[in-house]
$ cat my_file-v6.json   # JSON, C-alpha atoms
[["chain", "number", "residue", "atom", "x", "y", "z"],
["S", 1, "MET", "CA", 95.75, 77.06, 125.70],
["S", 2, "PHE", "CA", 96.76, 76.61, 122.06],
["S", 3, "TRP", "CA", 97.54, 79.53, 119.73],
["S", 4, "MET", "CA", 97.29, 79.43, 115.95],
["S", 5, "PHE", "CA", 97.05, 81.57, 112.83],
["S", 6, "VAL", "CA", 94.19, 81.04, 110.41],
["S", 7, "GLU", "CA", 93.07, 82.50, 107.09],
["S", 8, "ALA", "CA", 90.20, 85.02, 107.05],
["S", 9, "SER", "CA", 88.16, 82.53, 105.02],
["S", 10, "GLU", "CA", 88.30, 80.07, 107.93],
["S", 11, "VAL", "CA", 86.40, 82.45, 110.23],
["S", 12, "ALA", "CA", 82.66, 82.74, 109.54],
["S", 13, "ASP", "CA", 79.31, 82.68, 111.34],
["S", 14, "GLY", "CA", 80.87, 82.65, 114.79],
["S", 15, "ARG", "CA", 82.99, 79.60, 113.99],
["S", 16, "VAL", "CA", 86.57, 78.86, 113.07],
["S", 17, "LEU", "CA", 87.03, 75.89, 110.74],
["S", 18, "VAL", "CA", 90.55, 74.48, 110.52],
["S", 19, "THR", "CA", 91.43, 71.90, 107.86],
["S", 20, "GLY", "CA", 94.51, 70.37, 106.25],
["S", 21, "PRO", "CA", 97.90, 70.02, 107.98],
["S", 22, "GLN", "CA", 96.95, 72.51, 110.70],
["S", 23, "SER", "CA", 93.96, 70.40, 111.76],
["S", 24, "HIS", "CA", 96.26, 67.36, 111.87],
["S", 25, "HIS", "CA", 98.66, 69.29, 114.11],
["S", 26, "LEU", "CA", 95.86, 70.31, 116.47],
["S", 27, "GLY", "CA", 94.16, 66.92, 116.59],
["S", 28, "ARG", "CA", 97.08, 64.48, 116.39],
["S", 29, "VAL", "CA", 100.06, 66.43, 117.78],
["S", 30, "LEU", "CA", 98.53, 68.79, 120.35],
["S", 31, "ARG", "CA", 95.63, 66.38, 120.90],
["S", 32, "VAL", "CA", 93.05, 69.09, 121.49],
["S", 33, "ARG", "CA", 89.61, 67.89, 122.51],
["S", 34, "PRO", "CA", 86.10, 69.40, 122.55],
["S", 35, "GLY", "CA", 85.77, 71.86, 125.39],
["S", 36, "GLU", "CA", 89.38, 73.05, 125.23],
["S", 37, "ARG", "CA", 90.01, 76.74, 124.58],
["S", 38, "GLY", "CA", 92.55, 78.51, 122.45],
["S", 39, "VAL", "CA", 93.17, 81.55, 120.30],
["S", 40, "ALA", "CA", 92.95, 81.83, 116.52],
["S", 41, "VAL", "CA", 94.57, 84.91, 114.99],
["S", 42, "SER", "CA", 93.51, 86.28, 111.64],
["S", 43, "SER", "CA", 93.90, 89.65, 109.89],
["S", 44, "GLY", "CA", 94.75, 91.61, 113.03],
["S", 45, "THR", "CA", 92.12, 90.02, 115.28],
["S", 46, "GLU", "CA", 92.45, 87.47, 118.07],
["S", 47, "TYR", "CA", 89.51, 85.09, 118.38],
["S", 48, "GLU", "CA", 89.06, 83.21, 121.63],
["S", 49, "ILE", "CA", 87.57, 79.89, 120.65],
["S", 50, "GLU", "CA", 86.22, 76.77, 122.30],
["S", 51, "VAL", "CA", 86.71, 73.54, 120.40],
["S", 52, "VAL", "CA", 83.38, 71.90, 119.55],
["S", 53, "GLU", "CA", 84.48, 69.25, 117.06],
["S", 54, "VAL", "CA", 87.64, 67.27, 116.33],
["S", 55, "ALA", "CA", 87.39, 64.95, 113.35],
["S", 56, "ALA", "CA", 89.63, 63.55, 110.63],
["S", 57, "GLY", "CA", 90.83, 66.49, 108.59],
["S", 58, "ARG", "CA", 88.96, 69.21, 110.50],
["S", 59, "VAL", "CA", 88.76, 71.00, 113.82],
["S", 60, "VAL", "CA", 85.89, 73.38, 114.57],
["S", 61, "GLY", "CA", 85.90, 76.06, 117.24],
["S", 62, "ARG", "CA", 83.13, 78.35, 118.46],
["S", 63, "VAL", "CA", 84.12, 82.01, 118.81],
["S", 64, "MET", "CA", 83.65, 83.09, 122.43],
["S", 65, "ALA", "CA", 85.18, 86.59, 122.16],
["S", 66, "HIS", "CA", 87.40, 88.64, 119.87],
["S", 67, "ARG", "CA", 89.72, 91.63, 120.16],
["S", 68, "PRO", "CA", 92.49, 93.40, 118.23],
["S", 69, "VAL", "CA", 95.82, 91.58, 118.38],
["S", 70, "GLN", "CA", 97.77, 92.21, 121.56],
["S", 71, "GLY", "CA", 101.10, 90.51, 120.81],
["S", 72, "GLU", "CA", 102.84, 93.01, 118.53],
["S", 73, "PRO", "CA", 105.41, 95.65, 119.54],
["S", 74, "GLY", "CA", 104.63, 99.33, 119.14],
["S", 75, "LEU", "CA", 107.31, 99.83, 116.48],
["S", 76, "ARG", "CA", 107.97, 97.94, 113.27],
["S", 77, "LEU", "CA", 111.30, 96.15, 113.24],
["S", 78, "ILE", "CA", 112.99, 94.77, 110.11],
["S", 79, "LEU", "CA", 116.07, 92.57, 110.22],
["S", 80, "LEU", "CA", 118.44, 92.82, 107.28],
["S", 81, "GLN", "CA", 120.47, 89.69, 107.99],
["S", 82, "ALA", "CA", 123.41, 88.37, 105.98],
["S", 83, "VAL", "CA", 122.89, 84.72, 105.10],
["S", 84, "LEU", "CA", 124.42, 82.33, 107.65],
["S", 85, "PRO", "CA", 124.84, 78.54, 107.67],
["S", 86, "ASN", "CA", 121.40, 76.92, 107.82],
["S", 87, "PRO", "CA", 121.24, 76.09, 111.57],
["S", 88, "ASP", "CA", 122.37, 79.61, 112.50],
["S", 89, "PHE", "CA", 119.94, 81.35, 110.16],
["S", 90, "ASP", "CA", 117.12, 79.11, 111.43],
["S", 91, "ALA", "CA", 118.02, 80.19, 114.98],
["S", 92, "VAL", "CA", 117.92, 83.87, 113.98],
["S", 93, "ILE", "CA", 114.41, 83.49, 112.57],
["S", 94, "GLU", "CA", 113.14, 81.56, 115.58],
["S", 95, "GLY", "CA", 114.62, 83.92, 118.17],
["S", 96, "GLY", "CA", 113.92, 87.07, 116.18],
["S", 97, "THR", "CA", 110.28, 86.11, 115.72],
["S", 98, "ALA", "CA", 109.89, 85.49, 119.44],
["S", 99, "VAL", "CA", 111.16, 88.95, 120.38],
["S", 100, "GLY", "CA", 109.09, 90.84, 117.80],
["S", 101, "ILE", "CA", 110.81, 91.22, 114.41],
["S", 102, "ALA", "CA", 108.21, 91.94, 111.73],
["S", 103, "ARG", "CA", 110.23, 91.13, 108.61],
["S", 104, "PHE", "CA", 113.39, 89.22, 107.77],
["S", 105, "ILE", "CA", 115.35, 90.25, 104.68],
["S", 106, "ALA", "CA", 118.03, 87.69, 103.90],
["S", 107, "VAL", "CA", 121.12, 89.21, 102.27],
["S", 108, "GLN", "CA", 123.64, 87.33, 100.16],
["S", 109, "ALA", "CA", 126.55, 89.34, 101.51],
["S", 110, "GLU", "CA", 130.04, 89.38, 100.03],
["S", 111, "ARG", "CA", 131.40, 87.31, 102.92],
["S", 112, "SER", "CA", 128.42, 84.98, 103.27],
["S", 113, "VAL", "CA", 129.67, 81.41, 103.02],
["S", 114, "ALA", "CA", 126.21, 79.81, 102.87],
["S", 115, "ARG", "CA", 124.28, 79.65, 99.60],
["S", 116, "PRO", "CA", 120.83, 78.39, 100.64],
["S", 117, "ALA", "CA", 118.70, 76.59, 98.07],
["S", 118, "ALA", "CA", 115.46, 78.27, 97.01],
["S", 119, "GLN", "CA", 113.35, 75.70, 98.85],
["S", 120, "ARG", "CA", 115.00, 76.74, 102.12],
["S", 121, "VAL", "CA", 112.67, 79.74, 102.22],
["S", 122, "ALA", "CA", 109.69, 77.46, 102.87],
["S", 123, "ARG", "CA", 111.46, 76.12, 105.96],
["S", 124, "TRP", "CA", 112.24, 79.65, 107.15],
["S", 125, "GLN", "CA", 108.58, 80.58, 106.76],
["S", 126, "ALA", "CA", 107.50, 77.49, 108.70],
["S", 127, "ILE", "CA", 109.94, 78.32, 111.50],
["S", 128, "ALA", "CA", 108.61, 81.89, 111.67],
["S", 129, "ARG", "CA", 105.01, 80.66, 111.87],
["S", 130, "SER", "CA", 105.78, 78.10, 114.56],
["S", 131, "ALA", "CA", 107.77, 80.62, 116.63],
["S", 132, "ALA", "CA", 105.00, 83.22, 116.25],
["S", 133, "GLU", "CA", 102.45, 80.73, 117.58],
["S", 134, "GLN", "CA", 104.68, 79.62, 120.43],
["S", 135, "SER", "CA", 105.36, 83.22, 121.52],
["S", 136, "HIS", "CA", 101.73, 84.36, 121.02],
["S", 137, "ARG", "CA", 102.52, 86.93, 118.36],
["S", 138, "GLY", "CA", 99.78, 88.86, 116.62],
["S", 139, "ALA", "CA", 101.25, 88.27, 113.16],
["S", 140, "VAL", "CA", 103.66, 85.94, 111.38],
["S", 141, "PRO", "CA", 106.81, 87.77, 110.21],
["S", 142, "GLU", "CA", 107.57, 88.05, 106.52],
["S", 143, "VAL", "CA", 110.50, 85.98, 105.23],
["S", 144, "GLY", "CA", 111.66, 86.11, 101.61],
["S", 145, "VAL", "CA", 114.35, 84.75, 99.31],
["S", 146, "PRO", "CA", 117.92, 86.02, 99.74],
["S", 147, "VAL", "CA", 118.78, 89.14, 97.76],
["S", 148, "LEU", "CA", 121.87, 91.27, 97.23],
["S", 149, "LEU", "CA", 122.45, 94.23, 99.52],
["S", 150, "PRO", "CA", 121.17, 96.99, 97.16],
["S", 151, "ALA", "CA", 117.86, 95.18, 96.74],
["S", 152, "ALA", "CA", 117.66, 94.52, 100.49],
["S", 153, "LEU", "CA", 118.09, 98.21, 101.26],
["S", 154, "GLN", "CA", 115.37, 99.04, 98.77],
["S", 155, "GLN", "CA", 113.04, 96.53, 100.42],
["S", 156, "ALA", "CA", 113.71, 98.04, 103.86],
["S", 157, "GLY", "CA", 112.32, 101.32, 102.57],
["S", 158, "ASP", "CA", 112.27, 104.53, 104.58],
["S", 159, "THR", "CA", 113.20, 103.15, 108.00],
["S", 160, "ARG", "CA", 115.96, 104.17, 110.38],
["S", 161, "LEU", "CA", 118.89, 101.93, 109.48],
["S", 162, "LEU", "CA", 121.13, 100.73, 112.31],
["S", 163, "VAL", "CA", 124.16, 98.73, 111.23],
["S", 164, "LEU", "CA", 125.64, 96.48, 113.91],
["S", 165, "GLU", "CA", 129.41, 96.82, 113.84],
["S", 166, "PRO", "CA", 131.58, 95.85, 116.85],
["S", 167, "SER", "CA", 134.09, 98.64, 116.12],
["S", 168, "ALA", "CA", 131.39, 101.37, 116.04],
["S", 169, "SER", "CA", 131.67, 104.10, 118.66],
["S", 170, "VAL", "CA", 127.91, 104.67, 119.07],
["S", 171, "PRO", "CA", 125.98, 102.33, 121.43],
["S", 172, "LEU", "CA", 122.70, 101.02, 120.02],
["S", 173, "LEU", "CA", 120.48, 102.89, 122.45],
["S", 174, "GLN", "CA", 122.09, 106.23, 121.62],
["S", 175, "ALA", "CA", 120.88, 105.82, 118.02],
["S", 176, "VAL", "CA", 117.25, 105.36, 119.05],
["S", 177, "ASP", "CA", 115.38, 108.52, 118.07],
["S", 178, "GLY", "CA", 111.71, 107.69, 118.55],
["S", 179, "SER", "CA", 111.15, 106.42, 115.00],
["S", 180, "ASP", "CA", 108.22, 104.07, 114.50],
["S", 181, "ALA", "CA", 110.23, 101.73, 112.24],
["S", 182, "TYR", "CA", 113.84, 100.50, 112.38],
["S", 183, "THR", "CA", 115.97, 98.22, 110.25],
["S", 184, "ILE", "CA", 118.83, 96.36, 111.94],
["S", 185, "ALA", "CA", 121.59, 95.23, 109.59],
["S", 186, "VAL", "CA", 123.73, 92.31, 110.76],
["S", 187, "GLY", "CA", 126.59, 90.92, 108.71],
["S", 188, "PRO", "CA", 127.96, 87.38, 108.40],
["S", 189, "GLU", "CA", 130.54, 85.95, 110.80],
["S", 190, "GLY", "CA", 133.28, 87.67, 108.80],
["S", 191, "GLY", "CA", 131.50, 91.01, 109.01],
["S", 192, "TRP", "CA", 130.40, 93.47, 106.34],
["S", 193, "THR", "CA", 132.99, 94.57, 103.80],
["S", 194, "GLU", "CA", 133.97, 98.23, 103.64],
["S", 195, "ALA", "CA", 132.08, 98.55, 100.35],
["S", 196, "GLU", "CA", 128.91, 97.22, 101.99],
["S", 197, "LEU", "CA", 129.30, 99.53, 104.97],
["S", 198, "SER", "CA", 129.81, 102.47, 102.61],
["S", 199, "LEU", "CA", 126.65, 101.58, 100.69],
["S", 200, "MET", "CA", 124.62, 101.42, 103.91],
["S", 201, "ARG", "CA", 125.99, 104.79, 105.03],
["S", 202, "GLU", "CA", 124.83, 106.23, 101.70],
["S", 203, "HIS", "CA", 121.35, 104.99, 102.64],
["S", 204, "GLY", "CA", 121.50, 106.80, 105.98],
["S", 205, "GLY", "CA", 122.85, 103.87, 107.97],
["S", 206, "ILE", "CA", 124.37, 104.52, 111.40],
["S", 207, "THR", "CA", 126.93, 102.03, 112.69],
["S", 208, "VAL", "CA", 126.23, 100.99, 116.28],
["S", 209, "ASN", "CA", 127.60, 98.53, 118.80],
["S", 210, "LEU", "CA", 126.08, 96.24, 121.42],
["S", 211, "GLY", "CA", 128.72, 96.88, 124.06],
["S", 212, "PRO", "CA", 132.20, 95.55, 124.72],
["S", 213, "ARG", "CA", 131.47, 91.87, 124.03],
["S", 214, "ILE", "CA", 131.52, 90.33, 120.56],
["S", 215, "LEU", "CA", 128.36, 88.34, 119.85],
["S", 216, "ARG", "CA", 127.94, 85.63, 117.23],
["S", 217, "ALA", "CA", 126.02, 86.64, 114.11],
["S", 218, "ARG", "CA", 123.12, 84.37, 115.13],
["S", 219, "LEU", "CA", 122.81, 86.02, 118.57],
["S", 220, "ALA", "CA", 123.50, 89.70, 117.84],
["S", 221, "PRO", "CA", 120.27, 90.40, 115.90],
["S", 222, "VAL", "CA", 118.09, 88.77, 118.55],
["S", 223, "ALA", "CA", 119.76, 90.77, 121.32],
["S", 224, "ALA", "CA", 119.47, 94.02, 119.36],
["S", 225, "ALA", "CA", 115.83, 93.39, 118.50],
["S", 226, "ALA", "CA", 114.96, 92.59, 122.11],
["S", 227, "ILE", "CA", 116.43, 95.95, 123.14],
["S", 228, "LEU", "CA", 114.69, 97.96, 120.43],
["S", 229, "VAL", "CA", 111.18, 96.57, 120.87],
["S", 230, "GLN", "CA", 111.17, 97.83, 124.45],
["S", 231, "GLN", "CA", 111.56, 101.45, 123.32]]
$ encode --input "my_file-v6.json" --output "structure tokens"
Amino acid sequence: MFWMFVEASEVADGRVLVTGPQSHHLGRVLRVRPGERGVAVSSGTEYEIEVVEVAAGRVVGRVMAHRPVQGEPGLRLILLQAVLPNPDFDAVIEGGTAVGIARFIAVQAERSVARPAAQRVARWQAIARSAAEQSHRGAVPEVGVPVLLPAALQQAGDTRLLVLEPSASVPLLQAVDGSDAYTIAVGPEGGWTEAELSLMREHGGITVNLGPRILRARLAPVAAAAILVQQ
């Protein structure tokens, strides 16, 4: 069964009409055929569809049933992630999307070595969409251009801020307080600077650890997110 995200304008009169690159992916890559069933997700609704037409540049599905999205965690989870080398940051987006992160805020941290080009954001967004479809999410996470830490904290808004820091004395789970939204802050391989940690404390940040082992910056956020979404 295939899973895809569509625009609200593509759902009308009991049909889902898919055009453009997405129709090419369905018809030429996944090779869907009339009679096959899948799910199209749009604006918080899952539509069970049966394919009735596959043609050049379009795929048409008949809506068989619909329901509110089922694939989202009960709490909203934001990842404030220091920019990493491209393969590592790509891996964070892919894995983080699969476990339930709702928004990625890329931070150009003081110790970030990578300086991604502006067009890299389009790739990050494509990775998030693909991972959301593969993992049957109910929404595609937001991914934006890298910003400095003060702007990132402002974007995170009024959420409980948990700063991953190997030397912290508080385990992650001890900082869980029943909030409906959390922001996890993960630094680059060299870690956050003391000035950055101080700024996050001023914003209510609590430094937490993931146990006695030191995880790579591309793995730590995925592990932390997987723990939090189960709460």
$ closest_atom_pairs --input "my_file-v6.json" --of "range 89-136 of chain S" --to "range 13-22 of chain S" --cutoff "12 Å" --atoms "only C-alpha atoms" --output "tab-separated table"
residue	atom	partner	partner_atom	distance
S:Ala126	CA	S:Gln22	CA	11.8
S:Arg129	CA	S:Gln22	CA	11.5
S:Ser130	CA	S:Gln22	CA	11.1
$ residues_around --input "my_file-v6.json" --residues "Ile105 in chain S" --least-positions-apart "5" --cutoff "9 Å" --atoms "only C-alpha atoms" --output "PyMOL selection string"
chain S and resi 78-82+142-147+152+155-156
$ residues_near_point --input "my_file-v6.json" --point "(110.5, 99.4, 127.1)" --cutoff "12 Å" --atoms "only C-alpha atoms" --output "list of chain:residue names"
S:Pro73, S:Gly74, S:Leu75, S:Leu173, S:Gly178, S:Ala225, S:Ala226, S:Ile227, S:Leu228, S:Val229, S:Gln230, S:Gln231
$ write_last_selection --input "my_file-v6.json" --atoms "C-alpha atoms" --output "PDB file, in the coordinates of the input"
ATOM      1  CA  PRO S  73     105.410  95.650 119.540  1.00  0.00           C
ATOM      2  CA  GLY S  74     104.630  99.330 119.140  1.00  0.00           C
ATOM      3  CA  LEU S  75     107.310  99.830 116.480  1.00  0.00           C
ATOM      4  CA  LEU S 173     120.480 102.890 122.450  1.00  0.00           C
ATOM      5  CA  GLY S 178     111.710 107.690 118.550  1.00  0.00           C
ATOM      6  CA  ALA S 225     115.830  93.390 118.500  1.00  0.00           C
ATOM      7  CA  ALA S 226     114.960  92.590 122.110  1.00  0.00           C
ATOM      8  CA  ILE S 227     116.430  95.950 123.140  1.00  0.00           C
ATOM      9  CA  LEU S 228     114.690  97.960 120.430  1.00  0.00           C
ATOM     10  CA  VAL S 229     111.180  96.570 120.870  1.00  0.00           C
ATOM     11  CA  GLN S 230     111.170  97.830 124.450  1.00  0.00           C
ATOM     12  CA  GLN S 231     111.560 101.450 123.320  1.00  0.00           C
TER      13      GLN S 231
END
$ closest_residue --input "my_file-v6.json" --among "S:Ala56, S:Leu219, S:Val29, S:Val39" --to "Ile93 in chain S" --atoms "all atoms listed in the file"
S:Leu219
$ atom_distance --input "my_file-v6.json" --atom1 "CA of Gly205 in chain S" --atom2 "CA of Thr183 in chain S"
9.2 Å
$ atom_distance --input "my_file-v6.json" --atom1 "CA of Ala131 in chain S" --atom2 "CA of Gly95 in chain S"
7.8 Å
$ atom_distance --input "my_file-v6.json" --atom1 "CA of Leu197 in chain S" --atom2 "CA of Leu149 in chain S"
10.2 Å
$ axis_aligned_box --input "my_file-v6.json" --around "range 66-70 of chain S" --padding-each-side "6 Å" --output "JSON"
{"center_x": 92.6, "center_y": 91.0, "center_z": 119.9, "size_x": 22.4, "size_y": 16.8, "size_z": 15.3}
$ closest_residue --input "my_file-v6.json" --among "S:Gln70, S:Thr97, S:Ser23, S:Gln154" --to "Val41 in chain S" --atoms "only C-alpha atoms"
S:Gln70
$ residues_around --input "my_file-v6.json" --residues "Leu164 in chain S" --least-positions-apart "3" --cutoff "6 Å" --atoms "only C-alpha atoms" --output "ChimeraX atom specification"
/S:186,207-209
$ residues_around --input "my_file-v6.json" --residues "Arg111 in chain S" --least-positions-apart "6" --cutoff "10 Å" --atoms "all atoms listed in the file" --output "PDB file with C-alpha atoms, in the frame of the given file"
ATOM      1  CA  ALA S  82     123.410  88.370 105.980  1.00  0.00           C
ATOM      2  CA  VAL S  83     122.890  84.720 105.100  1.00  0.00           C
ATOM      3  CA  LEU S  84     124.420  82.330 107.650  1.00  0.00           C
ATOM      4  CA  GLY S 187     126.590  90.920 108.710  1.00  0.00           C
ATOM      5  CA  PRO S 188     127.960  87.380 108.400  1.00  0.00           C
ATOM      6  CA  GLU S 189     130.540  85.950 110.800  1.00  0.00           C
ATOM      7  CA  GLY S 190     133.280  87.670 108.800  1.00  0.00           C
ATOM      8  CA  GLY S 191     131.500  91.010 109.010  1.00  0.00           C
ATOM      9  CA  TRP S 192     130.400  93.470 106.340  1.00  0.00           C
ATOM     10  CA  THR S 193     132.990  94.570 103.800  1.00  0.00           C
TER      11      THR S 193
END
$ build_atoms --input "my_file-v6.json" --residues "range 59-77 of chain S" --atoms "N, CA, C and O atoms" --output "compact mmCIF listing (two decimals), keeping the file's coordinate frame"
# COMPACT_ATOMS: atom_id res chain seq x y z
N VAL S 59 89.00 70.61 112.43
CA VAL S 59 88.76 71.00 113.82
C VAL S 59 87.88 72.24 113.76
O VAL S 59 88.16 73.18 113.01
N VAL S 60 86.82 72.26 114.55
CA VAL S 60 85.89 73.38 114.57
C VAL S 60 85.87 74.01 115.95
O VAL S 60 85.79 73.30 116.97
N GLY S 61 85.97 75.34 115.98
CA GLY S 61 85.90 76.06 117.24
C GLY S 61 84.81 77.11 117.21
O GLY S 61 84.55 77.72 116.17
N ARG S 62 84.15 77.31 118.34
CA ARG S 62 83.13 78.35 118.46
C ARG S 62 83.78 79.61 119.01
O ARG S 62 84.51 79.56 120.01
N VAL S 63 83.54 80.75 118.37
CA VAL S 63 84.12 82.01 118.81
C VAL S 63 83.41 82.47 120.08
O VAL S 63 82.20 82.68 120.10
N MET S 64 84.20 82.65 121.14
CA MET S 64 83.65 83.09 122.43
C MET S 64 83.84 84.60 122.63
O MET S 64 83.05 85.25 123.31
N ALA S 65 84.90 85.15 122.04
CA ALA S 65 85.18 86.59 122.16
C ALA S 65 86.22 86.94 121.11
O ALA S 65 86.89 86.06 120.56
N HIS S 66 86.36 88.22 120.82
CA HIS S 66 87.40 88.64 119.87
C HIS S 66 87.88 90.03 120.25
O HIS S 66 87.17 90.81 120.89
N ARG S 67 89.10 90.35 119.82
CA ARG S 67 89.72 91.63 120.16
C ARG S 67 90.86 91.88 119.18
O ARG S 67 91.35 90.94 118.54
N PRO S 68 91.31 93.13 119.06
CA PRO S 68 92.49 93.40 118.23
C PRO S 68 93.71 92.66 118.79
O PRO S 68 93.79 92.41 120.00
N VAL S 69 94.64 92.33 117.93
CA VAL S 69 95.82 91.58 118.38
C VAL S 69 96.56 92.36 119.46
O VAL S 69 96.67 93.58 119.42
N GLN S 70 97.08 91.61 120.42
CA GLN S 70 97.77 92.21 121.56
C GLN S 70 99.28 91.93 121.54
O GLN S 70 100.02 92.56 122.29
N GLY S 71 99.73 91.00 120.70
CA GLY S 71 101.10 90.51 120.81
C GLY S 71 102.12 91.14 119.90
O GLY S 71 103.17 90.54 119.64
N GLU S 72 101.88 92.36 119.41
CA GLU S 72 102.84 93.01 118.53
C GLU S 72 103.46 94.24 119.19
O GLU S 72 102.78 94.97 119.90
N PRO S 73 104.76 94.47 118.95
CA PRO S 73 105.41 95.65 119.54
C PRO S 73 104.88 96.93 118.93
O PRO S 73 104.27 96.94 117.85
N GLY S 74 105.13 98.05 119.60
CA GLY S 74 104.63 99.33 119.14
C GLY S 74 105.36 99.88 117.94
O GLY S 74 104.87 100.76 117.24
N LEU S 75 106.57 99.38 117.66
CA LEU S 75 107.31 99.83 116.48
C LEU S 75 107.54 98.65 115.54
O LEU S 75 107.54 97.49 115.95
N ARG S 76 107.72 98.97 114.27
CA ARG S 76 107.97 97.94 113.27
C ARG S 76 109.48 97.73 113.17
O ARG S 76 110.24 98.68 113.03
N LEU S 77 109.88 96.48 113.23
CA LEU S 77 111.30 96.15 113.24
C LEU S 77 111.62 95.18 112.10
O LEU S 77 111.03 94.10 112.00
